[in-house]
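This report concerns only the one structure given below.
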Amino acid sequence: MRRPERQKQFEDLEASLLYCPTCKRAMPVRKRLLLVLLDKEIFDYICTGCGSALGKKEQPWRRPAQWSGIS
């Protein structure tokens, strides 16, 4: 019965380590904004050791709080 609550916990999951084939081990990553579209933002996960792109994440675009009064 708690499935929707449980799934919501993982909506904003962020990677901190990903396997890098260049470095041949799990490496810390940083999240870099790649593209902003009308309905979503696309991010790249970049290896801090060698700079390789290791993955992507898409998330819905959120209107900033200061824009809430703008029509």
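Residue numbers start at 1 in each chain; chains themselves are named A, B, ... in the order of the structure tokens; ligands are numbered from 1 in the order shown.
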_Residue neighbourhood stretch 37-40 of chain A, 9 Å, only C-alpha atoms, exclusion window fewer than 5 positions, as an MDAnalysis selection string_ = chainID A and resid 58:62
*From the DSSP assignment of the backbone, select every residue of stretch 9-53 of chain A that is strand (DSSP E or B), and format the answer as a PyMOL selection string.*
chain A and resi 17-20+25-36+40-47+53
Kindly export the residues of the current selection with N, CA and C atoms, as an mmCIF file, in the first residue's frame.
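Wrote part.cif, looks like this:
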```cif
data_model
loop_
_atom_site.group_PDB
_atom_site.id
_atom_site.type_symbol
_atom_site.label_atom_id
_atom_site.label_comp_id
_atom_site.auth_asym_id
_atom_site.auth_seq_id
_atom_site.Cartn_x
_atom_site.Cartn_y
_atom_site.Cartn_z
ATOM 1 N N LEU A 17 28.921 8.091 -7.307
ATOM 2 C CA LEU A 17 29.990 7.282 -7.890
ATOM 3 C C LEU A 17 29.419 6.498 -9.064
ATOM 4 N N LEU A 18 30.148 6.453 -10.162
ATOM 5 C CA LEU A 18 29.786 5.623 -11.314
ATOM 6 C C LEU A 18 31.049 4.942 -11.823
ATOM 7 N N TYR A 19 30.876 3.757 -12.430
ATOM 8 C CA TYR A 19 32.023 3.057 -12.994
ATOM 9 C C TYR A 19 32.514 3.791 -14.237
ATOM 10 N N CYS A 20 33.816 4.049 -14.277
ATOM 11 C CA CYS A 20 34.436 4.711 -15.428
ATOM 12 C C CYS A 20 35.287 3.687 -16.178
ATOM 13 N N ARG A 25 37.557 1.876 -12.713
ATOM 14 C CA ARG A 25 37.038 1.732 -11.346
ATOM 15 C C ARG A 25 35.909 2.731 -11.123
ATOM 16 N N ALA A 26 35.192 2.565 -10.027
ATOM 17 C CA ALA A 26 34.142 3.508 -9.664
ATOM 18 C C ALA A 26 34.789 4.827 -9.269
ATOM 19 N N MET A 27 34.305 5.895 -9.857
ATOM 20 C CA MET A 27 34.893 7.216 -9.627
ATOM 21 C C MET A 27 33.814 8.207 -9.188
ATOM 22 N N PRO A 28 34.196 9.219 -8.412
ATOM 23 C CA PRO A 28 33.250 10.285 -8.086
ATOM 24 C C PRO A 28 32.860 11.021 -9.367
ATOM 25 N N VAL A 29 31.627 11.477 -9.419
ATOM 26 C CA VAL A 29 31.140 12.196 -10.601
ATOM 27 C C VAL A 29 30.580 13.551 -10.186
ATOM 28 N N ARG A 30 30.557 14.462 -11.159
ATOM 29 C CA ARG A 30 29.864 15.719 -10.942
ATOM 30 C C ARG A 30 28.762 15.828 -11.990
ATOM 31 N N LYS A 31 27.708 16.493 -11.620
ATOM 32 C CA LYS A 31 26.543 16.636 -12.487
ATOM 33 C C LYS A 31 26.672 17.958 -13.235
ATOM 34 N N ARG A 32 26.619 17.909 -14.573
ATOM 35 C CA ARG A 32 26.764 19.106 -15.405
ATOM 36 C C ARG A 32 25.504 19.295 -16.244
ATOM 37 N N LEU A 33 24.937 20.485 -16.207
ATOM 38 C CA LEU A 33 23.758 20.795 -17.013
ATOM 39 C C LEU A 33 24.149 20.787 -18.480
ATOM 40 N N LEU A 34 23.479 19.960 -19.259
ATOM 41 C CA LEU A 34 23.800 19.809 -20.673
ATOM 42 C C LEU A 34 22.829 20.593 -21.548
ATOM 43 N N LEU A 35 21.512 20.499 -21.239
ATOM 44 C CA LEU A 35 20.502 21.078 -22.110
ATOM 45 C C LEU A 35 19.255 21.409 -21.309
ATOM 46 N N VAL A 36 18.642 22.552 -21.605
ATOM 47 C CA VAL A 36 17.372 22.939 -20.986
ATOM 48 C C VAL A 36 16.330 23.004 -22.093
ATOM 49 N N LYS A 40 11.875 19.834 -19.712
ATOM 50 C CA LYS A 40 12.841 19.073 -18.907
ATOM 51 C C LYS A 40 14.249 19.642 -19.030
ATOM 52 N N GLU A 41 15.099 19.210 -18.109
ATOM 53 C CA GLU A 41 16.523 19.535 -18.132
ATOM 54 C C GLU A 41 17.285 18.227 -18.294
ATOM 55 N N ILE A 42 18.373 18.251 -19.047
ATOM 56 C CA ILE A 42 19.190 17.063 -19.253
ATOM 57 C C ILE A 42 20.581 17.343 -18.679
ATOM 58 N N PHE A 43 21.040 16.428 -17.833
ATOM 59 C CA PHE A 43 22.330 16.561 -17.171
ATOM 60 C C PHE A 43 23.246 15.424 -17.598
ATOM 61 N N ASP A 44 24.545 15.683 -17.622
ATOM 62 C CA ASP A 44 25.585 14.678 -17.837
ATOM 63 C C ASP A 44 26.266 14.414 -16.510
ATOM 64 N N TYR A 45 26.637 13.162 -16.263
ATOM 65 C CA TYR A 45 27.485 12.827 -15.131
ATOM 66 C C TYR A 45 28.902 12.684 -15.662
ATOM 67 N N ILE A 46 29.840 13.484 -15.120
ATOM 68 C CA ILE A 46 31.211 13.567 -15.611
ATOM 69 C C ILE A 46 32.161 12.979 -14.568
ATOM 70 N N CYS A 47 33.074 12.102 -15.003
ATOM 71 C CA CYS A 47 34.103 11.527 -14.126
ATOM 72 C C CYS A 47 35.047 12.638 -13.673
ATOM 73 N N ALA A 53 32.269 11.478 -19.996
ATOM 74 C CA ALA A 53 30.831 11.470 -19.707
ATOM 75 C C ALA A 53 30.433 10.031 -19.398
#
```
